[in-house]
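Only one structure is covered here, and it is reproduced in the block below.
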Amino acid sequence: MDFESALFPAKLVRSCDWYGRWVGEVRHLVANHKSVPNPRWYQRAEAKLRRAQRKVARRKKGSHRRRKAVARLQKIHQRIKNQRHEFQHKFTFWLVQNFGVIAVEDLNVKGLAGGMLAKSVHDVSWASFFSKLAYKAESAGRTLRAVNPRGTSQTCTSGTKVWKELSDREHLCTACGLTAPRDVVSAQVILQRARMSPSNRNVADLIASVV
């Protein structure tokens with residue numbers, strides 16, 4: 001029996017619950033307004049990595065002490081990778097267990113990985129997350145919809161454009177009076193787009209775009 005068969009021996013019970021995920025600021029957001037913060041494993045381990053890298057640099061090339069220092073550095077990197085993958089597997093499993101329709105932004109992950117948020121993008125590893133989410137959703141019989149990400153953080157649920165700087169964490173719409181955390185509103189906008197666009201890219205397309 002393969003891994004996914006063990007996880008989902010049969011299609012899950014039909015669910016009408018929806019989930020919207022906004023990733024513009026590298027956060028995981030659940031539609032019931034609960035936020036699951038990005039653990040930022042790399043950022044947490046940066047001090048250890050710097051110390052380990054300095055030790056490698058100080059050791060004489062080809063020496064036993066340098067090989068030992070390199071092994072220590074590799075061990076820290078491997079631990080970060082393991083922690084990240086464990087979190088992603090648990091979170092994506094929870095999502096497909098609890099939501100019938102999952103809506104995400106159709107992001108250009110490769111492009112973002114080379115921009116100003118490069119370190120954060122690599123730390124959260126969006127491509128890996130989307131890939132896990134896609135194949136788990138398919139295995140569990142869930143619907144995964146990728147929507148146009150353009151303006152999701154600058155739009156109110158009423159459709160009004162609400163300009164925000166990257167540092168602005170609150171959404172305030174002068175047209176309808178809605179005041180809420182920026183992440184929550186963005187996730188709701190994504191859900192609205194997913195509901196209006198039932199023919200968006202399917203799971204297989206999403207997997208192909210992030211692998």
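Order determines the names: the first chain of the structure tokens is A, the second B, and so forth; residues in each chain are numbered 1 upward, and ligands are numbered 1 upward as they are shown.
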Could you give me, as CSV, every range 76-169 of chain A residue with an atom at most 8 Å from range 176-192 of chain A, plus its closest atom pair and distance in Å to one decimal, counting only C-alpha atoms, rows ordered by chain then number?
residue,atom,partner,partner_atom,distance
A:Ala103,CA,A:Leu191,CA,6.1
A:Val104,CA,A:Ile190,CA,6.9
A:Glu105,CA,A:Ile190,CA,7.1
A:Val147,CA,A:Ile190,CA,6.8
A:Pro149,CA,A:Ile190,CA,7.8
A:Thr152,CA,A:Ser186,CA,5.3
A:Ser153,CA,A:Ser186,CA,5.1
A:Gln154,CA,A:Ser186,CA,7.9
A:Thr155,CA,A:Val189,CA,7.3
A:Cys156,CA,A:Val185,CA,6.8
A:Thr157,CA,A:Val189,CA,5.6
A:Ser158,CA,A:Cys176,CA,7.1
A:Asp168,CA,A:Arg182,CA,7.7
A:Arg169,CA,A:Arg182,CA,5.3
Task: CA of Ala127 in chain A to CA of Gln83 in chain A, straight-line distance in Å - done: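 These two atoms are separated by 15.9 Å.
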- [ ] Once DSSP has gone over the backbone, tell me which residues of range 30-187 of chain A are in strand (DSSP E or B), as a ChimeraX atom specification.
- [x] /A:35-36,101-105,143-147,155,161,170-172,179-181
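Contact shell of Gln78 in chain A at 12 Å (only C-alpha atoms; same-chain neighbours under 5 positions omitted): Trp41, Tyr42, Ala45, Leu49, Ala71, Arg72, Leu73, Gln83, Arg84 and His85 of chain A.
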I need the residues from that last selection saved to file as a PDB file, in the first residue's frame (with N, CA and C atoms), if you can.
ATOM      1  N   TRP A  41      11.460  28.215   9.927  1.00  0.00           N
ATOM      2  CA  TRP A  41      12.512  27.352  10.465  1.00  0.00           C
ATOM      3  C   TRP A  41      13.911  27.871  10.145  1.00  0.00           C
ATOM      4  N   TYR A  42      14.098  28.357   8.940  1.00  0.00           N
ATOM      5  CA  TYR A  42      15.425  28.859   8.556  1.00  0.00           C
ATOM      6  C   TYR A  42      15.786  30.087   9.387  1.00  0.00           C
ATOM      7  N   ALA A  45      16.917  29.309  12.803  1.00  0.00           N
ATOM      8  CA  ALA A  45      18.219  28.630  12.897  1.00  0.00           C
ATOM      9  C   ALA A  45      19.370  29.458  12.338  1.00  0.00           C
ATOM     10  N   LEU A  49      23.380  28.597  12.150  1.00  0.00           N
ATOM     11  CA  LEU A  49      24.012  28.426  10.840  1.00  0.00           C
ATOM     12  C   LEU A  49      25.241  29.326  10.698  1.00  0.00           C
ATOM     13  N   ALA A  71      30.154  18.584   8.540  1.00  0.00           N
ATOM     14  CA  ALA A  71      29.095  17.634   8.895  1.00  0.00           C
ATOM     15  C   ALA A  71      28.082  18.280   9.836  1.00  0.00           C
ATOM     16  N   ARG A  72      28.584  19.100  10.756  1.00  0.00           N
ATOM     17  CA  ARG A  72      27.700  19.807  11.691  1.00  0.00           C
ATOM     18  C   ARG A  72      26.807  20.793  10.951  1.00  0.00           C
ATOM     19  N   LEU A  73      27.395  21.519  10.002  1.00  0.00           N
ATOM     20  CA  LEU A  73      26.625  22.479   9.206  1.00  0.00           C
ATOM     21  C   LEU A  73      25.552  21.767   8.391  1.00  0.00           C
ATOM     22  N   GLN A  83      12.098  19.720   9.507  1.00  0.00           N
ATOM     23  CA  GLN A  83      11.061  20.451  10.251  1.00  0.00           C
ATOM     24  C   GLN A  83      10.051  21.068   9.299  1.00  0.00           C
ATOM     25  N   ARG A  84      10.552  21.647   8.214  1.00  0.00           N
ATOM     26  CA  ARG A  84       9.674  22.290   7.234  1.00  0.00           C
ATOM     27  C   ARG A  84       8.743  21.260   6.589  1.00  0.00           C
ATOM     28  N   HIS A  85       9.298  20.132   6.178  1.00  0.00           N
ATOM     29  CA  HIS A  85       8.472  19.116   5.523  1.00  0.00           C
ATOM     30  C   HIS A  85       7.465  18.497   6.492  1.00  0.00           C
TER      31      HIS A  85
END
- [ ] Can you pull out every residue within 7 Å of Arg142 in chain A, counting only C-alpha atoms, but drop anything in the same chain fewer than 3 positions away, and send it as JSON, numbers by chain?
- [x] {"A": [96, 100, 101, 137, 138]}
